file target-v5.cif (mmCIF, C-alpha atoms)
data_start
loop_
_atom_site.group_PDB
_atom_site.id
_atom_site.type_symbol
_atom_site.label_atom_id
_atom_site.label_comp_id
_atom_site.auth_asym_id
_atom_site.auth_seq_id
_atom_site.Cartn_x
_atom_site.Cartn_y
_atom_site.Cartn_z
ATOM 1 C CA MET A 12 -25.266 12.869 12.759
ATOM 2 C CA GLN A 13 -27.721 15.731 12.485
ATOM 3 C CA GLN A 14 -26.155 16.822 9.187
ATOM 4 C CA LEU A 15 -26.654 13.321 7.780
ATOM 5 C CA VAL A 16 -30.317 13.358 8.815
ATOM 6 C CA ASP A 17 -30.763 16.845 7.338
ATOM 7 C CA ASP A 18 -29.221 15.683 4.042
ATOM 8 C CA ALA A 19 -31.482 12.624 3.931
ATOM 9 C CA GLU A 20 -34.506 14.814 4.646
ATOM 10 C CA ALA A 21 -33.551 17.205 1.834
ATOM 11 C CA PHE A 22 -33.425 14.247 -0.546
ATOM 12 C CA LEU A 23 -36.791 13.004 0.700
ATOM 13 C CA ASP A 24 -38.245 16.476 0.148
ATOM 14 C CA ARG A 25 -37.013 16.347 -3.453
ATOM 15 C CA VAL A 26 -38.498 12.942 -4.258
ATOM 16 C CA GLY A 27 -41.591 13.442 -2.122
ATOM 17 C CA PRO A 28 -43.578 11.096 0.045
ATOM 18 C CA PRO A 29 -44.768 8.466 0.479
ATOM 19 C CA ALA A 30 -41.492 6.710 1.138
ATOM 20 C CA HIS A 31 -40.211 3.379 2.335
ATOM 21 C CA LEU A 32 -36.927 4.134 4.100
ATOM 22 C CA ALA A 33 -34.157 1.593 4.440
ATOM 23 C CA GLY A 34 -30.823 2.103 6.114
ATOM 24 C CA PHE A 35 -27.781 -0.113 6.458
ATOM 25 C CA SER A 36 -25.407 0.119 9.426
ATOM 26 C CA MET A 37 -24.943 3.827 10.193
ATOM 27 C CA GLY A 38 -27.560 4.534 7.524
ATOM 28 C CA GLY A 39 -30.088 2.699 9.688
ATOM 29 C CA ALA A 40 -29.529 5.183 12.498
ATOM 30 C CA VAL A 41 -29.909 8.060 10.012
ATOM 31 C CA ALA A 42 -33.095 6.559 8.536
ATOM 32 C CA ALA A 43 -34.588 5.974 11.995
ATOM 33 C CA LEU A 44 -33.875 9.531 13.107
ATOM 34 C CA LEU A 45 -35.431 10.834 9.887
ATOM 35 C CA ALA A 46 -38.485 8.581 10.262
ATOM 36 C CA ALA A 47 -38.997 9.768 13.836
ATOM 37 C CA ARG A 48 -38.720 13.385 12.686
ATOM 38 C CA ARG A 49 -41.073 12.934 9.704
ATOM 39 C CA ILE A 50 -43.959 11.070 11.308
ATOM 40 C CA SER A 51 -46.139 11.361 8.208
ATOM 41 C CA GLY A 52 -45.203 10.324 4.699
ATOM 42 C CA ILE A 53 -42.927 7.452 5.652
ATOM 43 C CA GLU A 54 -44.744 4.170 5.177
ATOM 44 C CA THR A 55 -42.124 1.727 6.476
ATOM 45 C CA LEU A 56 -38.626 1.683 7.891
ATOM 46 C CA THR A 57 -36.074 -1.081 7.351
ATOM 47 C CA LEU A 58 -33.004 -1.257 9.574
ATOM 48 C CA VAL A 59 -30.268 -3.535 8.260
ATOM 49 C CA ALA A 60 -27.335 -4.465 10.516
ATOM 50 C CA THR A 61 -27.609 -1.191 12.371
ATOM 51 C CA PRO A 62 -26.311 -0.408 15.865
ATOM 52 C CA ASP A 63 -28.762 0.170 18.684
ATOM 53 C CA ARG A 64 -26.794 3.183 19.931
ATOM 54 C CA GLY A 65 -23.488 4.971 19.539
ATOM 55 C CA LEU A 66 -20.571 3.439 21.394
ATOM 56 C CA PRO A 67 -17.185 4.807 22.472
ATOM 57 C CA VAL A 68 -15.473 2.195 20.287
ATOM 58 C CA PHE A 69 -16.963 3.922 17.243
ATOM 59 C CA ALA A 70 -15.112 7.149 18.087
ATOM 60 C CA GLU A 71 -11.956 5.083 18.648
ATOM 61 C CA ARG A 72 -12.245 3.773 15.075
ATOM 62 C CA ALA A 73 -11.871 7.348 13.826
ATOM 63 C CA CYS A 74 -8.154 6.875 13.332
ATOM 64 C CA ALA A 75 -7.593 6.950 9.568
ATOM 65 C CA LEU A 76 -6.530 10.589 9.539
ATOM 66 C CA ALA A 77 -3.976 9.997 12.285
ATOM 67 C CA ALA A 78 -2.773 6.898 10.424
ATOM 68 C CA GLY A 79 -2.394 8.957 7.272
ATOM 69 C CA SER A 80 -4.913 7.073 5.140
ATOM 70 C CA VAL A 81 -7.882 4.766 5.109
ATOM 71 C CA ALA A 82 -5.519 2.067 3.778
ATOM 72 C CA ALA A 83 -3.997 1.850 7.243
ATOM 73 C CA VAL A 84 -7.345 0.706 8.716
ATOM 74 C CA THR A 85 -8.710 -1.255 5.746
ATOM 75 C CA GLU A 86 -7.699 -4.769 6.787
ATOM 76 C CA PRO A 87 -9.103 -4.567 10.337
ATOM 77 C CA THR A 88 -12.297 -3.089 8.888
ATOM 78 C CA ILE A 89 -12.612 -5.873 6.297
ATOM 79 C CA ALA A 90 -12.003 -8.513 8.989
ATOM 80 C CA ARG A 91 -14.719 -6.987 11.210
ATOM 81 C CA TRP A 92 -17.176 -6.779 8.312
ATOM 82 C CA PHE A 93 -16.608 -10.274 6.902
ATOM 83 C CA GLY A 94 -14.855 -12.305 9.597
ATOM 84 C CA ARG A 95 -11.972 -12.796 7.184
ATOM 85 C CA THR A 96 -9.973 -10.670 4.718
ATOM 86 C CA GLU A 97 -9.939 -12.823 1.575
ATOM 87 C CA GLY A 98 -12.186 -15.174 -0.271
ATOM 88 C CA ASP A 99 -14.948 -13.649 -2.350
ATOM 89 C CA SER A 100 -15.947 -10.824 -4.647
ATOM 90 C CA ALA A 101 -17.877 -9.048 -1.872
ATOM 91 C CA ILE A 102 -14.604 -8.487 -0.020
ATOM 92 C CA ALA A 103 -13.022 -7.054 -3.157
ATOM 93 C CA VAL A 104 -15.973 -4.668 -3.610
ATOM 94 C CA ALA A 105 -15.730 -3.504 0.015
ATOM 95 C CA ARG A 106 -11.959 -3.062 -0.171
ATOM 96 C CA GLU A 107 -12.353 -0.986 -3.358
ATOM 97 C CA ALA A 108 -15.031 1.207 -1.735
ATOM 98 C CA LEU A 109 -12.826 1.793 1.303
ATOM 99 C CA SER A 110 -9.919 2.790 -0.941
ATOM 100 C CA LYS A 111 -11.997 5.654 -2.313
ATOM 101 C CA LEU A 112 -12.785 7.182 1.088
ATOM 102 C CA ARG A 113 -10.967 10.231 2.347
ATOM 103 C CA PRO A 114 -9.555 9.864 5.882
ATOM 104 C CA GLU A 115 -11.494 12.952 6.997
ATOM 105 C CA GLY A 116 -14.795 11.461 5.854
ATOM 106 C CA PHE A 117 -14.054 8.043 7.339
ATOM 107 C CA ASP A 118 -13.246 9.584 10.705
ATOM 108 C CA ALA A 119 -16.202 11.991 10.651
ATOM 109 C CA ALA A 120 -18.588 9.103 9.964
ATOM 110 C CA TRP A 121 -17.294 7.127 12.950
ATOM 111 C CA ARG A 122 -17.526 10.162 15.246
ATOM 112 C CA ALA A 123 -21.082 10.834 14.034
ATOM 113 C CA LEU A 124 -22.117 7.249 14.686
ATOM 114 C CA ALA A 125 -20.581 7.387 18.167
ATOM 115 C CA SER A 126 -22.952 10.269 18.957
ATOM 116 C CA PHE A 127 -26.119 8.293 18.067
ATOM 117 C CA GLN A 128 -28.253 8.226 21.210
ATOM 118 C CA GLY A 129 -30.194 5.113 20.270
ATOM 119 C CA TYR A 130 -33.818 4.144 19.906
ATOM 120 C CA ALA A 131 -35.246 4.678 23.398
ATOM 121 C CA ARG A 132 -36.335 8.262 22.684
ATOM 122 C CA ILE A 133 -37.610 7.651 19.145
ATOM 123 C CA ALA A 134 -39.099 4.143 19.196
ATOM 124 C CA HIS A 135 -42.639 5.447 19.749
ATOM 125 C CA ALA A 136 -42.477 7.607 16.614
ATOM 126 C CA LEU A 137 -41.280 4.984 14.134
ATOM 127 C CA PRO A 138 -43.464 3.617 11.332
ATOM 128 C CA PRO A 139 -43.807 -0.155 10.837
ATOM 129 C CA THR A 140 -40.211 -1.354 11.073
ATOM 130 C CA LEU A 141 -38.290 -4.349 9.768
ATOM 131 C CA CYS A 142 -35.055 -5.195 11.612
ATOM 132 C CA ILE A 143 -32.690 -7.390 9.597
ATOM 133 C CA ALA A 144 -29.582 -8.942 11.115
ATOM 134 C CA PHE A 145 -26.917 -11.124 9.554
ATOM 135 C CA ALA A 146 -26.214 -14.287 11.521
ATOM 136 C CA ASP A 147 -22.408 -13.986 11.329
ATOM 137 C CA ASP A 148 -22.174 -10.217 11.852
ATOM 138 C CA LEU A 149 -19.307 -9.336 14.192
ATOM 139 C CA SER A 150 -20.142 -5.599 14.194
ATOM 140 C CA THR A 151 -23.887 -5.681 14.870
ATOM 141 C CA PRO A 152 -24.772 -9.257 15.810
ATOM 142 C CA PRO A 153 -28.394 -10.435 15.852
ATOM 143 C CA ASP A 154 -28.872 -9.573 19.533
ATOM 144 C CA VAL A 155 -28.424 -5.891 18.607
ATOM 145 C CA ALA A 156 -31.403 -6.106 16.225
ATOM 146 C CA ASP A 157 -33.303 -7.916 18.989
ATOM 147 C CA ARG A 158 -32.714 -4.968 21.341
ATOM 148 C CA ILE A 159 -33.931 -2.479 18.728
ATOM 149 C CA ALA A 160 -37.029 -4.570 17.982
ATOM 150 C CA ASP A 161 -37.750 -4.935 21.703
ATOM 151 C CA LEU A 162 -37.604 -1.159 22.212
ATOM 152 C CA ILE A 163 -39.960 -0.538 19.300
ATOM 153 C CA ARG A 164 -42.342 -3.263 20.476
ATOM 154 C CA ALA A 165 -42.304 -1.914 24.054
ATOM 155 C CA ALA A 166 -43.223 1.522 22.690
ATOM 156 C CA GLY A 167 -46.260 0.015 20.964
ATOM 157 C CA GLY A 168 -44.705 -0.106 17.522
ATOM 158 C CA ASP A 169 -45.202 -2.549 14.685
ATOM 159 C CA VAL A 170 -41.927 -4.426 14.200
ATOM 160 C CA ARG A 171 -40.760 -7.540 12.396
ATOM 161 C CA ARG A 172 -37.368 -9.115 13.034
ATOM 162 C CA ILE A 173 -35.476 -11.525 10.741
ATOM 163 C CA ASP A 174 -31.998 -13.025 10.429
ATOM 164 C CA ILE A 175 -30.200 -13.861 7.223
ATOM 165 C CA ALA A 176 -27.840 -16.828 7.518
ATOM 166 C CA ASP A 177 -24.270 -17.197 6.295
ATOM 167 C CA ALA A 178 -23.492 -13.483 6.086
ATOM 168 C CA GLY A 179 -21.404 -11.017 8.070
ATOM 169 C CA HIS A 180 -21.861 -7.276 8.491
ATOM 170 C CA MET A 181 -21.665 -6.764 4.742
ATOM 171 C CA GLY A 182 -24.546 -9.130 4.138
ATOM 172 C CA LEU A 183 -25.910 -6.667 1.596
ATOM 173 C CA LEU A 184 -22.983 -7.656 -0.621
ATOM 174 C CA GLN A 185 -23.058 -11.315 0.351
ATOM 175 C CA LYS A 186 -26.821 -11.985 0.231
ATOM 176 C CA PRO A 187 -28.395 -9.183 -1.836
ATOM 177 C CA ALA A 188 -31.297 -11.274 -3.161
ATOM 178 C CA GLU A 189 -32.287 -12.407 0.331
ATOM 179 C CA VAL A 190 -32.170 -8.846 1.690
ATOM 180 C CA ALA A 191 -34.180 -7.496 -1.240
ATOM 181 C CA ALA A 192 -36.790 -10.253 -0.866
ATOM 182 C CA ALA A 193 -37.163 -9.616 2.864
ATOM 183 C CA ILE A 194 -37.670 -5.883 2.312
ATOM 184 C CA ALA A 195 -40.102 -6.435 -0.576
ATOM 185 C CA ASP A 196 -42.160 -8.893 1.487
ATOM 186 C CA PHE A 197 -42.287 -6.491 4.424
ATOM 187 C CA VAL A 198 -43.267 -3.496 2.298
ATOM 188 C CA GLU A 199 -45.944 -5.524 0.525
ATOM 189 C CA MET A 200 -47.404 -6.720 3.827
ATOM 190 C CA ARG A 201 -47.374 -3.240 5.375
ATOM 191 C CA GLY A 202 -47.873 -1.072 2.282
#
call {"tool": "encode", "arguments": {"input": "target-v5.cif", "output": "structure tokens"}}
result
Amino acid sequence: MQQLVDDAEAFLDRVGPPAHLAGFSMGGAVAALLAARRISGIETLTLVATPDRGLPVFAERACALAAGSVAAVTEPTIARWFGRTEGDSAIAVAREALSKLRPEGFDAAWRALASFQGYARIAHALPPTLCIAFADDLSTPPDVADRIADLIRAAGGDVRRIDIADAGHMGLLQKPAEVAAAIADFVEMRG
């Protein structure tokens, strides 16, 4: 996880502040850790369908290498992300992206996410934060975003929390216009 944060920070150093960080799923944890590390120069943080902490089940999902390929875990992953495995172009896009992953990278990402210690220690250091959840998300349901928002609020932070209807974990693929509008509105209000 630290390597992911270091890589994101190196990119931020290249493009320079100010920045509006947004992270989806594991990327939300990376963005939050970076925002907490870089207290100045980050104007806002958006967390989209991100877990509130690492869980043992994440390490258990690191099984593609043992299975011999990511293909062996694609269908359960698609079902968790969408609640089904067929039906729209977003599923086809996700399946194609999964097919391009190396088993080593897939497994390393799950192990990294399992090590995420959560928001309790960093909530006080976060910039104004938008927490977006997708109403039908089986991986990070709306109550997970509620817990993150509550921690930030309890630490005295500025947080806004919204749900986007009719979308699962891959709501970015299913409802891109709604996600973009929510982020743009938040940045405009806080920027």
call {"tool": "residues_around", "arguments": {"input": "target-v5.cif", "residues": "Val81 (chain A)", "least_positions_apart": "2", "cutoff": "9 Å", "atoms": "all atoms listed in the file", "output": "VMD selection string"}}
result
chain A and resid 74 to 76 78 to 79 83 to 85 109 to 114 117
call {"tool": "closest_residue", "arguments": {"input": "target-v5.cif", "among": "A:Ser126, A:Gln13, A:Thr96, A:Gln185", "to": "Leu45 (chain A)", "atoms": "all atoms listed in the file"}}
result
A:Gln13
call {"tool": "atom_distance", "arguments": {"input": "target-v5.cif", "atom1": "CA of Ala73 (chain A)", "atom2": "CA of Gln128 (chain A)"}}
result
18.0 Å
call {"tool": "closest_atom_pairs", "arguments": {"input": "target-v5.cif", "of": "region 41-116 of chain A", "to": "region 130-140 of chain A", "cutoff": "6 Å", "atoms": "only C-alpha atoms", "output": "Markdown table"}}
result
| residue | atom | partner | partner_atom | distance |
| --- | --- | --- | --- | --- |
| A:Ala46 | CA | A:Leu137 | CA | 6.0 |
| A:Ala47 | CA | A:Ala136 | CA | 4.9 |
| A:Thr55 | CA | A:Pro139 | CA | 5.0 |
| A:Leu56 | CA | A:Thr140 | CA | 4.7 |
| A:Thr57 | CA | A:Thr140 | CA | 5.6 |
call {"tool": "atom_distance", "arguments": {"input": "target-v5.cif", "atom1": "CA of Ala178 (chain A)", "atom2": "CA of Ala43 (chain A)"}}
result
23.2 Å
call {"tool": "residues_around", "arguments": {"input": "target-v5.cif", "residues": "Ala144 (chain A)", "least_positions_apart": "5", "cutoff": "9 Å", "atoms": "all atoms listed in the file", "output": "number ranges by chain"}}
result
A: 58-61, 151-157, 172-176, 179-180, 182
call {"tool": "resolve_selection", "arguments": {"input": "target-v5.cif", "expression": "the PyMOL selection byres ((chain A and resi 105-107) around 9)", "output": "VMD selection string"}}
result
chain A and resid 85 to 86 89 100 to 104 108 to 111 181 184
call {"tool": "closest_residue", "arguments": {"input": "target-v5.cif", "among": "A:Ala77, A:Ala146, A:Ala120, A:Leu141", "to": "Glu54 (chain A)", "atoms": "all atoms listed in the file"}}
result
A:Leu141
call {"tool": "atom_distance", "arguments": {"input": "target-v5.cif", "atom1": "CA of Leu23 (chain A)", "atom2": "CA of Phe197 (chain A)"}}
result
20.6 Å
call {"tool": "closest_residue", "arguments": {"input": "target-v5.cif", "among": "A:Trp121, A:Met12, A:Ile159, A:Arg201", "to": "Glu71 (chain A)", "atoms": "only C-alpha atoms"}}
result
A:Trp121
call {"tool": "resolve_selection", "arguments": {"input": "target-v5.cif", "expression": "the PyMOL selection byres ((chain A and resi 30) around 7)", "output": "count of residues only"}}
result
7
call {"tool": "resolve_selection", "arguments": {"input": "target-v5.cif", "expression": "the PyMOL selection byres ((chain A and resi 66) around 8)", "output": "PyMOL selection string"}}
result
chain A and resi 64-65+67-70+124-126
call {"tool": "closest_residue", "arguments": {"input": "target-v5.cif", "among": "A:Ser51, A:Asp17, A:Ala42, A:Asp148", "to": "Phe93 (chain A)", "atoms": "only C-alpha atoms"}}
result
A:Asp148
call {"tool": "closest_residue", "arguments": {"input": "target-v5.cif", "among": "A:Asp118, A:Phe145, A:Arg48, A:Ala40", "to": "Leu183 (chain A)", "atoms": "all atoms listed in the file"}}
result
A:Phe145
call {"tool": "decode", "arguments": {"input": "target-v5.cif", "residues": "region 30-110 of chain A", "atoms": "C-alpha atoms", "output": "PDB file, in the first residue's frame"}}
result
ATOM      1  CA  ALA A  30      -4.910  19.164  -6.701  1.00  0.00           C
ATOM      2  CA  HIS A  31      -8.347  17.673  -6.329  1.00  0.00           C
ATOM      3  CA  LEU A  32      -7.775  13.988  -5.583  1.00  0.00           C
ATOM      4  CA  ALA A  33     -10.318  11.319  -6.389  1.00  0.00           C
ATOM      5  CA  GLY A  34      -9.978   7.620  -5.772  1.00  0.00           C
ATOM      6  CA  PHE A  35     -12.198   4.682  -6.623  1.00  0.00           C
ATOM      7  CA  SER A  36     -12.288   1.511  -4.517  1.00  0.00           C
ATOM      8  CA  MET A  37      -8.689   0.730  -3.524  1.00  0.00           C
ATOM      9  CA  GLY A  38      -7.701   4.015  -5.168  1.00  0.00           C
ATOM     10  CA  GLY A  39      -9.788   5.813  -2.551  1.00  0.00           C
ATOM     11  CA  ALA A  40      -7.636   4.354   0.209  1.00  0.00           C
ATOM     12  CA  VAL A  41      -4.498   5.393  -1.707  1.00  0.00           C
ATOM     13  CA  ALA A  42      -5.843   8.919  -2.294  1.00  0.00           C
ATOM     14  CA  ALA A  43      -6.829   9.301   1.369  1.00  0.00           C
ATOM     15  CA  LEU A  44      -3.417   8.183   2.596  1.00  0.00           C
ATOM     16  CA  LEU A  45      -1.766  10.610   0.172  1.00  0.00           C
ATOM     17  CA  ALA A  46      -4.069  13.466   1.212  1.00  0.00           C
ATOM     18  CA  ALA A  47      -3.300  12.830   4.880  1.00  0.00           C
ATOM     19  CA  ARG A  48       0.426  12.815   4.107  1.00  0.00           C
ATOM     20  CA  ARG A  49       0.301  15.978   1.958  1.00  0.00           C
ATOM     21  CA  ILE A  50      -1.754  18.288   4.153  1.00  0.00           C
ATOM     22  CA  SER A  51      -1.127  21.301   1.921  1.00  0.00           C
ATOM     23  CA  GLY A  52      -1.752  21.508  -1.799  1.00  0.00           C
ATOM     24  CA  ILE A  53      -4.697  19.132  -1.911  1.00  0.00           C
ATOM     25  CA  GLU A  54      -7.917  21.099  -2.167  1.00  0.00           C
ATOM     26  CA  THR A  55     -10.473  18.278  -2.010  1.00  0.00           C
ATOM     27  CA  LEU A  56     -10.653  14.518  -1.749  1.00  0.00           C
ATOM     28  CA  THR A  57     -13.320  12.331  -3.346  1.00  0.00           C
ATOM     29  CA  LEU A  58     -13.726   8.736  -2.204  1.00  0.00           C
ATOM     30  CA  VAL A  59     -15.820   6.596  -4.535  1.00  0.00           C
ATOM     31  CA  ALA A  60     -16.980   3.142  -3.402  1.00  0.00           C
ATOM     32  CA  THR A  61     -13.940   2.745  -1.203  1.00  0.00           C
ATOM     33  CA  PRO A  62     -13.552   0.422   1.789  1.00  0.00           C
ATOM     34  CA  ASP A  63     -13.315   1.879   5.270  1.00  0.00           C
ATOM     35  CA  ARG A  64     -10.450  -0.459   6.180  1.00  0.00           C
ATOM     36  CA  GLY A  65      -8.606  -3.538   4.994  1.00  0.00           C
ATOM     37  CA  LEU A  66     -10.318  -6.836   5.685  1.00  0.00           C
ATOM     38  CA  PRO A  67      -9.058 -10.428   5.819  1.00  0.00           C
ATOM     39  CA  VAL A  68     -11.392 -11.317   2.941  1.00  0.00           C
ATOM     40  CA  PHE A  69      -9.340  -9.019   0.709  1.00  0.00           C
ATOM     41  CA  ALA A  70      -6.218 -11.130   1.297  1.00  0.00           C
ATOM     42  CA  GLU A  71      -8.312 -14.247   0.633  1.00  0.00           C
ATOM     43  CA  ARG A  72      -9.208 -12.845  -2.802  1.00  0.00           C
ATOM     44  CA  ALA A  73      -5.512 -12.921  -3.702  1.00  0.00           C
ATOM     45  CA  CYS A  74      -5.900 -16.295  -5.360  1.00  0.00           C
ATOM     46  CA  ALA A  75      -5.393 -15.684  -9.082  1.00  0.00           C
ATOM     47  CA  LEU A  76      -1.767 -16.789  -9.033  1.00  0.00           C
ATOM     48  CA  ALA A  77      -2.650 -20.042  -7.284  1.00  0.00           C
ATOM     49  CA  ALA A  78      -5.508 -20.532  -9.754  1.00  0.00           C
ATOM     50  CA  GLY A  79      -3.102 -19.990 -12.624  1.00  0.00           C
ATOM     51  CA  SER A  80      -4.748 -16.888 -14.076  1.00  0.00           C
ATOM     52  CA  VAL A  81      -7.057 -13.988 -13.451  1.00  0.00           C
ATOM     53  CA  ALA A  82      -9.571 -15.755 -15.732  1.00  0.00           C
ATOM     54  CA  ALA A  83     -10.170 -18.254 -12.945  1.00  0.00           C
ATOM     55  CA  VAL A  84     -11.497 -15.484 -10.654  1.00  0.00           C
ATOM     56  CA  THR A  85     -13.118 -13.224 -13.261  1.00  0.00           C
ATOM     57  CA  GLU A  86     -16.720 -14.405 -12.974  1.00  0.00           C
ATOM     58  CA  PRO A  87     -16.933 -14.156  -9.165  1.00  0.00           C
ATOM     59  CA  THR A  88     -15.322 -10.716  -9.394  1.00  0.00           C
ATOM     60  CA  ILE A  89     -17.795  -9.547 -12.055  1.00  0.00           C
ATOM     61  CA  ALA A  90     -20.720 -10.873  -9.988  1.00  0.00           C
ATOM     62  CA  ARG A  91     -19.476  -9.008  -6.888  1.00  0.00           C
ATOM     63  CA  TRP A  92     -18.957  -5.791  -8.852  1.00  0.00           C
ATOM     64  CA  PHE A  93     -22.265  -5.804 -10.745  1.00  0.00           C
ATOM     65  CA  GLY A  94     -24.577  -8.237  -8.959  1.00  0.00           C
ATOM     66  CA  ARG A  95     -24.770 -10.232 -12.177  1.00  0.00           C
ATOM     67  CA  THR A  96     -22.363 -11.442 -14.886  1.00  0.00           C
ATOM     68  CA  GLU A  97     -24.144 -10.455 -18.106  1.00  0.00           C
ATOM     69  CA  GLY A  98     -26.285  -7.687 -19.423  1.00  0.00           C
ATOM     70  CA  ASP A  99     -24.553  -4.467 -20.375  1.00  0.00           C
ATOM     71  CA  SER A 100     -21.492  -2.895 -21.929  1.00  0.00           C
ATOM     72  CA  ALA A 101     -20.058  -1.954 -18.518  1.00  0.00           C
ATOM     73  CA  ILE A 102     -19.688  -5.651 -17.707  1.00  0.00           C
ATOM     74  CA  ALA A 103     -17.896  -6.240 -20.999  1.00  0.00           C
ATOM     75  CA  VAL A 104     -15.495  -3.360 -20.260  1.00  0.00           C
ATOM     76  CA  ALA A 105     -14.749  -4.730 -16.779  1.00  0.00           C
ATOM     77  CA  ARG A 106     -14.262  -8.275 -18.060  1.00  0.00           C
ATOM     78  CA  GLU A 107     -11.840  -6.987 -20.723  1.00  0.00           C
ATOM     79  CA  ALA A 108      -9.865  -4.995 -18.127  1.00  0.00           C
ATOM     80  CA  LEU A 109      -9.612  -8.037 -15.864  1.00  0.00           C
ATOM     81  CA  SER A 110      -8.346 -10.148 -18.767  1.00  0.00           C
TER      82      SER A 110
END
